[in-house]
file protein10.cif (mmCIF, C-alpha atoms)
data_protein
loop_
_atom_site.label_atom_id
_atom_site.label_comp_id
_atom_site.auth_asym_id
_atom_site.auth_seq_id
_atom_site.Cartn_x
_atom_site.Cartn_y
_atom_site.Cartn_z
CA MET A 1 7.77 49.72 67.05
CA THR A 2 6.80 53.06 65.55
CA THR A 3 5.51 56.10 67.36
CA THR A 4 1.87 57.11 66.92
CA GLU A 5 2.42 60.87 66.85
CA PRO A 6 4.57 62.26 64.03
CA ARG A 7 7.87 63.78 65.07
CA THR A 8 8.60 67.37 64.19
CA TYR A 9 10.93 67.43 61.19
CA PRO A 10 13.66 68.52 60.57
CA PHE A 11 14.78 67.16 63.91
CA SER A 12 17.06 70.14 64.55
CA GLU A 13 18.52 73.18 62.83
CA ALA A 14 21.12 72.38 60.19
CA ASP A 15 24.56 72.63 61.79
CA ARG A 16 27.00 73.37 59.02
CA LEU A 17 27.67 69.98 57.40
CA ASN A 18 26.97 67.84 60.45
CA LEU A 19 24.29 65.18 60.02
CA ASP A 20 21.87 64.99 62.94
CA PRO A 21 22.80 61.85 64.97
CA PHE A 22 19.11 61.06 65.42
CA TYR A 23 19.09 59.58 61.91
CA ALA A 24 21.41 56.81 63.13
CA ARG A 25 19.02 55.98 65.97
CA LEU A 26 16.13 55.80 63.53
CA ARG A 27 18.06 53.52 61.15
CA GLU A 28 18.65 51.14 64.03
CA SER A 29 15.23 51.05 65.70
CA GLU A 30 12.66 52.82 63.52
CA PRO A 31 13.80 52.93 59.88
CA LEU A 32 10.38 54.12 58.73
CA SER A 33 9.03 56.77 61.08
CA ARG A 34 6.18 59.26 61.07
CA ILE A 35 7.19 62.90 60.70
CA GLN A 36 5.58 66.32 60.35
CA LEU A 37 7.23 69.05 58.30
CA PRO A 38 6.40 72.74 58.86
CA PHE A 39 3.81 72.60 56.07
CA GLY A 40 1.62 69.94 54.52
CA GLU A 41 0.37 66.58 55.67
CA SER A 42 2.33 64.16 57.84
CA ALA A 43 4.50 61.58 56.11
CA TRP A 44 6.71 58.55 56.54
CA LEU A 45 10.49 59.07 56.52
CA ALA A 46 12.76 56.33 55.12
CA THR A 47 16.26 56.43 56.58
CA ARG A 48 17.89 53.15 55.44
CA TYR A 49 19.68 52.68 52.13
CA GLU A 50 17.64 49.75 50.79
CA ASP A 51 14.30 51.27 51.80
CA ALA A 52 15.33 54.54 50.16
CA LYS A 53 16.04 52.77 46.87
CA VAL A 54 12.64 51.07 46.97
CA VAL A 55 10.77 54.34 47.49
CA LEU A 56 12.76 56.12 44.78
CA GLY A 57 12.73 53.32 42.24
CA ASP A 58 9.60 51.21 42.73
CA PRO A 59 6.65 52.20 40.47
CA ARG A 60 4.31 51.60 43.43
CA PHE A 61 5.55 54.98 44.69
CA SER A 62 4.51 58.02 42.65
CA ARG A 63 5.61 61.63 42.33
CA ALA A 64 2.66 62.51 40.09
CA ALA A 65 0.26 61.57 42.88
CA SER A 66 1.53 64.59 44.83
CA VAL A 67 -0.42 66.86 42.49
CA GLY A 68 -3.54 68.00 44.28
CA ARG A 69 -2.29 66.81 47.68
CA ASP A 70 -1.10 68.95 50.58
CA GLU A 71 2.47 67.83 49.95
CA PRO A 72 4.73 67.75 53.05
CA ARG A 73 7.28 70.54 52.63
CA LEU A 74 9.62 73.01 54.34
CA ARG A 75 8.17 76.13 52.74
CA GLU A 76 4.71 77.63 52.80
CA ARG A 77 4.21 78.04 49.09
CA ARG A 78 3.70 75.11 46.76
CA GLN A 79 5.82 75.42 43.64
CA ALA A 80 4.93 74.04 40.23
CA MET A 81 7.49 71.25 39.87
CA GLY A 82 7.10 70.35 36.17
CA ILE A 83 9.11 67.23 35.36
CA LEU A 84 9.88 66.67 39.05
CA ALA A 85 6.20 65.96 39.69
CA MET A 86 5.77 63.48 36.82
CA ASP A 87 5.80 59.70 36.51
CA PRO A 88 6.48 57.64 33.39
CA PRO A 89 5.44 57.88 30.61
CA ASP A 90 5.16 61.70 30.80
CA HIS A 91 8.38 61.93 32.80
CA THR A 92 10.14 59.63 30.31
CA ARG A 93 8.91 61.74 27.38
CA LEU A 94 10.52 64.92 28.72
CA ARG A 95 13.62 63.27 30.13
CA LYS A 96 14.48 61.69 26.78
CA LEU A 97 14.54 65.14 25.18
CA VAL A 98 17.55 66.20 27.24
CA ALA A 99 19.15 62.90 28.22
CA LYS A 100 21.37 62.73 25.13
CA ALA A 101 23.08 65.97 26.15
CA PHE A 102 24.11 64.45 29.49
CA THR A 103 25.47 61.02 28.55
CA ALA A 104 28.88 60.17 29.99
CA ARG A 105 30.50 60.37 26.53
CA ARG A 106 29.02 63.76 25.62
CA VAL A 107 29.77 65.21 29.03
CA GLU A 108 33.38 64.04 28.86
CA ARG A 109 33.80 66.14 25.73
CA LEU A 110 33.11 69.19 27.90
CA ARG A 111 36.11 68.49 30.15
CA PRO A 112 38.64 70.60 28.20
CA ARG A 113 36.26 73.57 28.19
CA ALA A 114 35.46 73.13 31.88
CA GLN A 115 39.18 73.00 32.61
CA GLU A 116 39.75 76.14 30.55
CA ILE A 117 37.08 77.97 32.54
CA ALA A 118 38.51 76.72 35.86
CA ASP A 119 42.03 77.78 34.87
CA GLY A 120 40.77 81.22 33.95
CA LEU A 121 39.10 81.59 37.35
CA ALA A 122 42.28 80.39 39.09
CA ASP A 123 44.27 82.91 37.04
CA GLY A 124 41.96 85.63 38.30
CA MET A 125 42.42 84.65 41.93
CA LEU A 126 46.18 84.46 41.55
CA ARG A 127 46.24 87.82 39.81
CA GLU A 128 44.18 89.51 42.53
CA GLY A 129 46.02 87.71 45.31
CA ALA A 130 44.84 86.18 48.55
CA PRO A 131 42.43 86.20 50.19
CA ALA A 132 39.76 85.22 47.70
CA ASP A 133 36.17 84.19 48.22
CA LEU A 134 35.95 80.62 46.96
CA VAL A 135 32.19 80.95 46.46
CA GLU A 136 32.09 84.14 44.38
CA ASP A 137 35.44 83.83 42.65
CA PHE A 138 35.37 80.16 41.68
CA ALA A 139 32.51 77.90 42.82
CA LEU A 140 29.66 79.90 41.33
CA PRO A 141 31.07 81.05 37.98
CA LEU A 142 32.47 77.62 36.99
CA PRO A 143 29.21 75.63 36.75
CA ILE A 144 27.22 78.69 35.63
CA ALA A 145 29.56 79.18 32.67
CA VAL A 146 29.38 75.49 31.72
CA ILE A 147 25.59 75.18 31.89
CA CYS A 148 25.10 78.51 30.09
CA GLU A 149 27.19 77.30 27.16
CA LEU A 150 25.51 73.89 27.11
CA LEU A 151 21.98 75.27 27.31
CA GLY A 152 22.56 78.38 25.21
CA VAL A 153 21.96 81.08 27.81
CA PRO A 154 23.98 84.34 27.96
CA PHE A 155 26.56 84.13 30.75
CA GLU A 156 26.36 87.88 31.28
CA ASP A 157 22.89 87.44 32.80
CA ARG A 158 24.31 85.27 35.60
CA ALA A 159 23.58 87.80 38.36
CA ASP A 160 19.88 87.38 37.68
CA PHE A 161 20.20 83.58 37.67
CA ARG A 162 21.51 83.63 41.23
CA VAL A 163 18.55 85.61 42.52
CA TRP A 164 16.09 83.44 40.64
CA SER A 165 17.76 80.23 41.85
CA ASP A 166 17.26 81.36 45.43
CA ALA A 167 13.53 81.49 44.72
CA PHE A 168 13.54 77.81 43.76
CA LEU A 169 15.54 76.79 46.85
CA SER A 170 14.32 79.23 49.49
CA THR A 171 12.50 77.99 52.57
CA THR A 172 12.51 81.18 54.66
CA LYS A 173 15.15 83.35 52.97
CA LEU A 174 12.48 84.87 50.73
CA THR A 175 8.81 85.54 51.43
CA PRO A 176 6.36 83.44 49.39
CA GLU A 177 5.48 86.57 47.43
CA GLN A 178 9.13 87.33 46.63
CA ALA A 179 9.80 83.76 45.57
CA GLU A 180 6.74 83.71 43.33
CA ASP A 181 7.80 87.01 41.75
CA TYR A 182 11.34 85.81 41.04
CA ILE A 183 10.16 82.52 39.57
CA GLY A 184 7.77 84.43 37.35
CA ARG A 185 10.61 86.66 36.19
CA MET A 186 12.78 83.66 35.37
CA HIS A 187 10.03 82.02 33.36
CA GLY A 188 9.44 85.31 31.54
CA TYR A 189 13.17 85.59 30.79
CA MET A 190 13.23 82.02 29.46
CA ALA A 191 10.16 82.61 27.31
CA GLY A 192 11.83 85.65 25.77
CA LEU A 193 15.09 83.80 25.20
CA ILE A 194 13.20 80.92 23.56
CA ASP A 195 11.55 83.37 21.18
CA ARG A 196 14.96 84.78 20.22
CA ARG A 197 16.40 81.29 19.76
CA ARG A 198 13.53 80.46 17.42
CA GLN A 199 14.73 83.26 15.16
CA GLU A 200 18.42 82.46 15.57
CA PRO A 201 18.88 78.77 16.50
CA GLY A 202 22.29 77.58 17.62
CA ASP A 203 24.16 74.39 18.43
CA ASP A 204 22.86 74.20 21.98
CA LEU A 205 20.37 72.29 24.10
CA MET A 206 17.74 75.03 24.07
CA SER A 207 17.64 75.09 20.29
CA ALA A 208 17.23 71.30 20.29
CA LEU A 209 14.34 71.57 22.75
CA ILE A 210 12.70 74.27 20.63
CA SER A 211 12.96 71.98 17.61
CA ALA A 212 11.35 69.18 19.61
CA ARG A 213 8.53 71.56 20.48
CA ASP A 214 7.99 73.22 17.10
CA ASP A 215 8.88 70.47 14.63
CA GLU A 216 7.94 67.32 16.51
CA ASP A 217 5.28 68.50 19.02
CA ARG A 218 6.92 66.45 21.78
CA LEU A 219 6.34 68.98 24.58
CA THR A 220 4.12 71.96 25.28
CA GLU A 221 5.30 75.56 25.38
CA GLN A 222 4.86 75.63 29.17
CA GLU A 223 6.87 72.41 29.52
CA LEU A 224 9.58 73.93 27.32
CA VAL A 225 9.88 77.03 29.51
CA GLN A 226 9.81 75.07 32.78
CA LEU A 227 12.31 72.51 31.51
CA ALA A 228 14.79 75.15 30.35
CA ALA A 229 14.48 77.04 33.65
CA GLY A 230 14.88 73.84 35.66
CA ILE A 231 18.01 72.81 33.74
CA LEU A 232 19.59 76.22 34.30
CA VAL A 233 18.95 76.18 38.05
CA ALA A 234 19.75 72.51 38.67
CA GLY A 235 22.70 72.68 36.29
CA HIS A 236 24.68 75.08 38.45
CA GLU A 237 23.25 75.49 41.94
CA THR A 238 24.09 72.10 43.44
CA THR A 239 27.63 72.02 42.04
CA ALA A 240 28.25 75.62 43.06
CA THR A 241 27.30 74.64 46.62
CA GLN A 242 29.20 71.36 46.69
CA ILE A 243 32.55 72.82 45.55
CA PRO A 244 33.00 74.88 48.76
CA ASN A 245 31.39 72.08 50.78
CA PHE A 246 34.01 69.65 49.51
CA VAL A 247 36.86 72.07 50.14
CA TYR A 248 35.53 72.75 53.65
CA VAL A 249 35.42 69.02 54.44
CA LEU A 250 38.94 68.46 53.12
CA LEU A 251 40.35 71.45 55.03
CA THR A 252 38.77 70.15 58.23
CA HIS A 253 40.13 66.63 57.51
CA PRO A 254 43.83 67.47 56.96
CA GLU A 255 44.93 63.82 56.75
CA ARG A 256 42.51 63.17 53.88
CA LEU A 257 43.58 66.41 52.21
CA ALA A 258 47.24 65.37 52.41
CA GLU A 259 46.31 61.97 50.99
CA LEU A 260 44.59 63.60 48.02
CA ARG A 261 47.40 66.09 47.42
CA ALA A 262 49.88 63.20 47.35
CA ASP A 263 47.89 61.30 44.72
CA LEU A 264 45.65 63.36 42.45
CA ASP A 265 44.55 60.16 40.71
CA LEU A 266 42.29 59.77 43.75
CA VAL A 267 40.20 62.78 42.72
CA PRO A 268 37.39 60.77 41.01
CA THR A 269 36.94 58.42 43.98
CA ALA A 270 37.32 61.35 46.38
CA VAL A 271 34.44 63.12 44.62
CA GLU A 272 32.24 60.03 45.02
CA GLU A 273 33.09 59.71 48.71
CA LEU A 274 32.45 63.39 49.32
CA LEU A 275 29.09 63.11 47.54
CA ARG A 276 28.24 60.30 49.94
CA TYR A 277 29.61 62.03 53.01
CA VAL A 278 28.28 65.59 52.65
CA PRO A 279 24.63 66.02 53.75
CA LEU A 280 23.69 68.60 51.12
CA GLY A 281 19.99 68.86 51.90
CA VAL A 282 18.72 70.56 55.03
CA ALA A 283 15.89 68.00 55.11
CA SER A 284 14.11 65.55 52.85
CA ALA A 285 11.92 66.79 49.99
CA PHE A 286 9.85 65.58 47.04
CA PRO A 287 7.69 62.88 48.68
CA ARG A 288 6.52 59.81 46.81
CA TYR A 289 2.94 58.63 47.35
CA ALA A 290 2.14 54.94 47.73
CA LEU A 291 -0.24 53.76 45.01
CA GLU A 292 -1.06 50.59 46.98
CA ASP A 293 -0.28 49.11 50.38
CA VAL A 294 3.46 48.40 50.59
CA GLU A 295 5.45 46.62 53.30
CA LEU A 296 8.53 48.70 53.96
CA GLY A 297 10.91 49.04 56.88
CA GLY A 298 8.83 46.75 59.06
CA VAL A 299 5.56 48.69 58.64
CA THR A 300 2.70 48.84 56.17
CA VAL A 301 2.61 52.02 54.14
CA ARG A 302 -1.01 52.45 53.15
CA ALA A 303 -2.11 53.48 49.68
CA GLY A 304 -2.15 57.27 49.53
CA ASP A 305 0.52 57.76 52.21
CA PRO A 306 3.42 60.10 51.35
CA VAL A 307 6.96 58.84 51.96
CA LEU A 308 10.04 61.04 52.16
CA VAL A 309 13.58 59.71 51.72
CA SER A 310 16.61 60.96 53.60
CA LEU A 311 19.41 60.59 51.08
CA SER A 312 21.92 61.80 53.66
CA SER A 313 20.86 59.13 56.16
CA ALA A 314 20.81 56.39 53.51
CA ASN A 315 24.37 57.34 52.56
CA ARG A 316 25.44 56.76 56.17
CA ASP A 317 23.73 53.37 56.56
CA GLU A 318 25.87 51.07 58.70
CA ALA A 319 24.41 48.05 56.92
CA VAL A 320 25.98 49.24 53.67
CA TYR A 321 29.10 51.22 54.61
CA GLN A 322 31.86 50.37 57.06
CA ASP A 323 32.45 53.29 59.47
CA PRO A 324 29.99 55.44 57.48
CA ASP A 325 30.67 58.59 59.51
CA GLN A 326 34.33 58.50 58.50
CA LEU A 327 35.64 60.12 55.33
CA ASP A 328 37.44 57.39 53.37
CA LEU A 329 38.81 58.40 49.97
CA LEU A 330 39.53 54.75 49.14
CA ARG A 331 36.01 53.54 49.91
CA SER A 332 34.79 50.81 47.56
CA GLU A 333 31.39 49.80 48.93
CA ALA A 334 28.00 50.33 47.30
CA SER A 335 27.40 53.41 45.20
CA HIS A 336 26.00 56.39 47.07
CA ILE A 337 22.57 57.78 46.24
CA GLY A 338 23.56 61.42 46.52
CA PHE A 339 22.10 61.96 43.04
CA GLY A 340 18.96 60.04 43.89
CA HIS A 341 17.84 56.75 42.37
CA GLY A 342 15.29 55.47 39.90
CA PRO A 343 13.43 57.51 37.25
CA HIS A 344 14.26 60.83 38.92
CA HIS A 345 17.99 60.10 39.31
CA CYS A 346 19.73 63.42 38.65
CA LEU A 347 19.94 63.94 34.91
CA GLY A 348 23.08 66.07 35.24
CA ALA A 349 24.96 63.69 37.53
CA GLN A 350 27.77 63.09 35.02
CA LEU A 351 28.19 66.81 34.41
CA ALA A 352 28.29 67.50 38.15
CA ARG A 353 30.93 64.80 38.61
CA LEU A 354 33.07 66.28 35.85
CA GLU A 355 32.82 69.81 37.25
CA LEU A 356 33.62 68.67 40.79
CA GLN A 357 36.63 66.69 39.57
CA VAL A 358 37.91 69.63 37.55
CA ALA A 359 37.33 72.00 40.47
CA LEU A 360 39.24 69.91 43.02
CA ARG A 361 42.19 69.20 40.72
CA THR A 362 42.45 72.85 39.73
CA LEU A 363 42.28 74.18 43.27
CA LEU A 364 44.84 71.66 44.57
CA THR A 365 47.31 72.24 41.73
CA ARG A 366 46.92 75.95 41.06
CA LEU A 367 46.61 77.04 44.69
CA PRO A 368 49.25 75.08 46.66
CA GLY A 369 48.80 75.27 50.39
CA LEU A 370 45.08 76.01 49.98
CA ARG A 371 43.64 76.90 53.37
CA PHE A 372 41.14 79.09 55.20
CA ALA A 373 42.26 82.71 54.90
CA ASP A 374 42.22 83.23 58.65
CA SER A 375 40.10 80.63 60.39
CA GLU A 376 37.10 78.43 59.86
CA ALA A 377 35.11 80.90 61.96
CA ASP A 378 35.25 83.44 59.11
CA LEU A 379 32.92 81.38 56.94
CA ARG A 380 29.30 82.48 56.57
CA TRP A 381 26.73 79.78 55.95
CA LYS A 382 23.52 79.75 53.96
CA THR A 383 20.31 80.02 55.95
CA GLY A 384 16.67 79.69 54.96
CA MET A 385 17.50 77.44 52.00
CA LEU A 386 16.83 73.82 51.01
CA VAL A 387 20.58 73.20 50.68
CA ARG A 388 23.41 73.83 53.11
CA GLY A 389 26.80 75.27 52.29
CA PRO A 390 29.04 78.32 52.67
CA LEU A 391 27.69 81.66 51.53
CA TYR A 392 31.13 83.24 51.90
CA MET A 393 34.39 81.28 52.17
CA PRO A 394 37.64 83.30 52.30
CA ILE A 395 40.66 81.22 51.28
CA SER A 396 44.40 81.75 50.97
CA TRP A 397 47.35 79.83 49.51
CA ASP A 398 51.15 79.83 49.37
CA ASP A 399 53.02 82.59 47.53
CA GLN A 400 51.75 83.18 43.98
CA GLY A 401 50.57 79.63 43.39
CA ALA A 402 51.56 77.31 40.58
CA ASN A 403 52.00 78.79 37.12
CA ARG A 404 49.39 78.06 34.50
CA GLU A 405 51.34 75.42 32.59
CA GLU A 406 52.36 73.51 35.71
CA GLY A 407 48.76 73.59 36.89
CA ARG A 408 47.40 71.90 33.78
CA LEU A 409 46.73 68.18 34.12
#
call {"tool": "encode", "arguments": {"input": "protein10.cif", "output": "structure tokens"}}
result
Amino acid sequence: MTTTEPRTYPFSEADRLNLDPFYARLRESEPLSRIQLPFGESAWLATRYEDAKVVLGDPRFSRAASVGRDEPRLRERRQAMGILAMDPPDHTRLRKLVAKAFTARRVERLRPRAQEIADGLADGMLREGAPADLVEDFALPLPIAVICELLGVPFEDRADFRVWSDAFLSTTKLTPEQAEDYIGRMHGYMAGLIDRRRQEPGDDLMSALISARDDEDRLTEQELVQLAAGILVAGHETTATQIPNFVYVLLTHPERLAELRADLDLVPTAVEELLRYVPLGVASAFPRYALEDVELGGVTVRAGDPVLVSLSSANRDEAVYQDPDQLDLLRSEASHIGFGHGPHHCLGAQLARLELQVALRTLLTRLPGLRFADSEADLRWKTGMLVRGPLYMPISWDDQGANREEGRL
């Protein structure tokens, strides 16, 4: 039985990486519930795994239908979403232009370079000595360097990328006017970089996209700018947040950390379990609109109704995972949907996996005895953002750490 009045959503303030227990109650008794975000129209919220996959993957639910609607959202301003607000075939047209750069085989070729970058960052921390800030000294520069090389963007401009990324992810950290200004600056920067790449093309993704625009007329100039900006932001921000999130979870689960240290072959499965376990988003976003009446979660979603999906809740569904609130590095149940599902499944999922694997192996081998510098209380957490994670994470380790050759795997 569903409630008639929408519940205020999010249900509570984000508490570090703790998932609100109310999601579990909804999964049990009201898997599709009415909610009201701070801005926009009311919506349905799907909290179970199977319902989430239907909303994300069934063509009866549309992202493009959000255009022109008062989309439910956490922030006041409405942001032009580009490819994220498209359905096939337009979505397919743009996705195909970049998909080849992110296949599992092509991404795997980046592993040696990602490892080289990670080793260099570890060298820097060892050289400077403890304590180090895991966020600034390792988690941010690793994925930024990788995506800059892949896309063809100068790494030396990374300080600007961070500010601009905040504009894409801010809920209350920036005013609507500030966010709009920063997004405009990023698009202007990308437009200028595209012009330079036209004169001096390289062996990078941006040059390939420019060729698709100029030689094949497969996307508009605006789509080119938005796509390049979106790849740059999405290609580093999530991974840069998840690296300290993963380390935080492992340091606060010492038995699991010891298990991983004892068998580094567990790193790939540990990454998958941590992706399932960590509730990255503060709340659900990017609603899908029903194109026709759909029976879902025991209720009828009427045509035109928006539906939000809680990926974090779906990844803790008791019907899918045994003891879902426990961190289990040997878990072998259904795949998580931390990267989404369906047409909008994260294009860079394989790259994120690689970077997270490289990051964990490097930190555990190069920084033996990795721990909080003083205490967990010294961490500062992000606020006013769509994602949750440490803003500042001081860490320490034993002695001078492993030497570079011993740390290579």
call {"tool": "residues_around", "arguments": {"input": "protein10.cif", "residues": "Ala283 (chain A)", "least_positions_apart": "6", "cutoff": "8 Å", "atoms": "all atoms listed in the file", "output": "PDB file with C-alpha atoms, in the frame of the given file"}}
result
ATOM      1  CA  TYR A   9      10.930  67.430  61.190  1.00  0.00           C
ATOM      2  CA  PRO A  10      13.660  68.520  60.570  1.00  0.00           C
ATOM      3  CA  SER A 310      16.610  60.960  53.600  1.00  0.00           C
ATOM      4  CA  LEU A 386      16.830  73.820  51.010  1.00  0.00           C
TER       5      LEU A 386
END
call {"tool": "closest_residue", "arguments": {"input": "protein10.cif", "among": "A:Ala262, A:Ala179, A:Val163, A:Val55", "to": "Leu32 (chain A)", "atoms": "all atoms listed in the file"}}
result
A:Val55
call {"tool": "closest_residue", "arguments": {"input": "protein10.cif", "among": "A:Glu221, A:Glu177, A:Asp263, A:Asp87", "to": "Ile194 (chain A)", "atoms": "only C-alpha atoms"}}
result
A:Glu221
call {"tool": "closest_atom_pairs", "arguments": {"input": "protein10.cif", "of": "region 267-331 of chain A", "to": "region 360-379 of chain A", "cutoff": "12 Å", "atoms": "all atoms listed in the file", "output": "JSON lines"}}
result
{"residue": "A:Val267", "atom": "CA", "partner": "A:Arg361", "partner_atom": "CA", "distance": 7.0}
{"residue": "A:Pro268", "atom": "CA", "partner": "A:Leu360", "partner_atom": "CA", "distance": 9.5}
{"residue": "A:Thr269", "atom": "CA", "partner": "A:Leu360", "partner_atom": "CA", "distance": 11.8}
{"residue": "A:Ala270", "atom": "CA", "partner": "A:Leu360", "partner_atom": "CA", "distance": 9.4}
{"residue": "A:Val271", "atom": "CA", "partner": "A:Leu360", "partner_atom": "CA", "distance": 8.5}
{"residue": "A:Leu274", "atom": "CA", "partner": "A:Leu360", "partner_atom": "CA", "distance": 11.3}
call {"tool": "resolve_selection", "arguments": {"input": "protein10.cif", "expression": "the PyMOL selection byres ((chain A and resi 106-119) around 10)", "output": "MDAnalysis selection string"}}
result
chainID A and resid 100:105 120:125 138:139 141:143 145:146 149:150 348:355 357:363 366 404:405 407:409
call {"tool": "closest_residue", "arguments": {"input": "protein10.cif", "among": "A:Leu260, A:Ile83, A:Val233, A:Val309", "to": "Leu330 (chain A)", "atoms": "all atoms listed in the file"}}
result
A:Leu260
call {"tool": "atom_distance", "arguments": {"input": "protein10.cif", "atom1": "CA of Arg27 (chain A)", "atom2": "CA of Thr47 (chain A)"}}
result
5.7 Å
call {"tool": "closest_residue", "arguments": {"input": "protein10.cif", "among": "A:Met81, A:Ile144, A:Leu97, A:Ala303", "to": "Arg63 (chain A)", "atoms": "all atoms listed in the file"}}
result
A:Met81
call {"tool": "atom_distance", "arguments": {"input": "protein10.cif", "atom1": "CA of Ala285 (chain A)", "atom2": "CA of Asp305 (chain A)"}}
result
14.7 Å
call {"tool": "closest_residue", "arguments": {"input": "protein10.cif", "among": "A:Pro154, A:Pro201, A:Gly40, A:Pro59", "to": "Met86 (chain A)", "atoms": "all atoms listed in the file"}}
result
A:Pro59
call {"tool": "atom_distance", "arguments": {"input": "protein10.cif", "atom1": "CA of Thr171 (chain A)", "atom2": "CA of Met385 (chain A)"}}
result
5.1 Å
call {"tool": "closest_residue", "arguments": {"input": "protein10.cif", "among": "A:Met206, A:Val54, A:Leu45, A:Leu37", "to": "Val294 (chain A)", "atoms": "only C-alpha atoms"}}
result
A:Val54
call {"tool": "residues_around", "arguments": {"input": "protein10.cif", "residues": "His344 (chain A)", "least_positions_apart": "5", "cutoff": "9 Å", "atoms": "only C-alpha atoms", "output": "PDB file with C-alpha atoms, in the coordinates of the input"}}
result
ATOM      1  CA  LEU A  56      12.760  56.120  44.780  1.00  0.00           C
ATOM      2  CA  GLY A  57      12.730  53.320  42.240  1.00  0.00           C
ATOM      3  CA  ILE A  83       9.110  67.230  35.360  1.00  0.00           C
ATOM      4  CA  LEU A  84       9.880  66.670  39.050  1.00  0.00           C
ATOM      5  CA  ASP A  87       5.800  59.700  36.510  1.00  0.00           C
ATOM      6  CA  HIS A  91       8.380  61.930  32.800  1.00  0.00           C
ATOM      7  CA  PHE A 339      22.100  61.960  43.040  1.00  0.00           C
TER       8      PHE A 339
END
call {"tool": "residues_around", "arguments": {"input": "protein10.cif", "residues": "Tyr289 (chain A)", "least_positions_apart": "6", "cutoff": "9 Å", "atoms": "only C-alpha atoms", "output": "NGL selection string"}}
result
:A and (55 or 60-66 or 303-308)
call {"tool": "residues_near_point", "arguments": {"input": "protein10.cif", "point": "(2.9, 65.5, 23.7)", "cutoff": "12 Å", "atoms": "only C-alpha atoms", "output": "ChimeraX atom specification"}}
result
/A:89-94,97,212-224
call {"tool": "resolve_selection", "arguments": {"input": "protein10.cif", "expression": "the PyMOL selection byres ((chain A and resi 380) around 10)", "output": "ChimeraX atom specification"}}
result
/A:16,376-379,381-383,389-394
call {"tool": "residues_near_point", "arguments": {"input": "protein10.cif", "point": "(15.3, 54.8, 57.4)", "cutoff": "9 Å", "atoms": "all atoms listed in the file", "output": "VMD selection string"}}
result
chain A and resid 23 to 24 26 to 28 30 to 33 45 to 52 297 309 to 310 313 to 314 317
call {"tool": "build_atoms", "arguments": {"input": "protein10.cif", "residues": "region 387-397 of chain A", "atoms": "N, CA, C and O atoms", "output": "mmCIF file, keeping the file's coordinate frame"}}
result
data_model
loop_
_atom_site.group_PDB
_atom_site.id
_atom_site.type_symbol
_atom_site.label_atom_id
_atom_site.label_comp_id
_atom_site.auth_asym_id
_atom_site.auth_seq_id
_atom_site.Cartn_x
_atom_site.Cartn_y
_atom_site.Cartn_z
ATOM 1 N N VAL A 387 19.250 73.792 50.671
ATOM 2 C CA VAL A 387 20.580 73.200 50.680
ATOM 3 C C VAL A 387 21.463 73.935 51.672
ATOM 4 O O VAL A 387 21.235 75.097 51.994
ATOM 5 N N ARG A 388 22.471 73.229 52.157
ATOM 6 C CA ARG A 388 23.410 73.830 53.110
ATOM 7 C C ARG A 388 24.788 73.967 52.473
ATOM 8 O O ARG A 388 25.214 73.116 51.685
ATOM 9 N N GLY A 389 25.465 75.041 52.818
ATOM 10 C CA GLY A 389 26.800 75.270 52.290
ATOM 11 C C GLY A 389 27.247 76.674 52.615
ATOM 12 O O GLY A 389 26.452 77.515 53.063
ATOM 13 N N PRO A 390 28.526 76.978 52.403
ATOM 14 C CA PRO A 390 29.040 78.320 52.670
ATOM 15 C C PRO A 390 28.440 79.367 51.742
ATOM 16 O O PRO A 390 28.302 79.137 50.542
ATOM 17 N N LEU A 391 28.105 80.495 52.310
ATOM 18 C CA LEU A 391 27.690 81.660 51.530
ATOM 19 C C LEU A 391 28.902 82.511 51.187
ATOM 20 O O LEU A 391 28.949 83.161 50.144
ATOM 21 N N TYR A 392 29.895 82.468 52.060
ATOM 22 C CA TYR A 392 31.130 83.240 51.900
ATOM 23 C C TYR A 392 32.250 82.416 52.503
ATOM 24 O O TYR A 392 32.172 81.975 53.646
ATOM 25 N N MET A 393 33.306 82.158 51.718
ATOM 26 C CA MET A 393 34.390 81.280 52.170
ATOM 27 C C MET A 393 35.734 81.874 51.772
ATOM 28 O O MET A 393 36.275 81.586 50.699
ATOM 29 N N PRO A 394 36.334 82.709 52.628
ATOM 30 C CA PRO A 394 37.640 83.300 52.300
ATOM 31 C C PRO A 394 38.759 82.268 52.390
ATOM 32 O O PRO A 394 38.879 81.548 53.384
ATOM 33 N N ILE A 395 39.566 82.188 51.336
ATOM 34 C CA ILE A 395 40.660 81.220 51.280
ATOM 35 C C ILE A 395 41.968 81.936 50.972
ATOM 36 O O ILE A 395 41.998 83.053 50.465
ATOM 37 N N SER A 396 43.065 81.249 51.278
ATOM 38 C CA SER A 396 44.400 81.750 50.970
ATOM 39 C C SER A 396 45.225 80.581 50.459
ATOM 40 O O SER A 396 44.766 79.428 50.419
ATOM 41 N N TRP A 397 46.467 80.858 50.049
ATOM 42 C CA TRP A 397 47.350 79.830 49.510
ATOM 43 C C TRP A 397 48.787 80.332 49.620
ATOM 44 O O TRP A 397 49.055 81.453 50.045
#
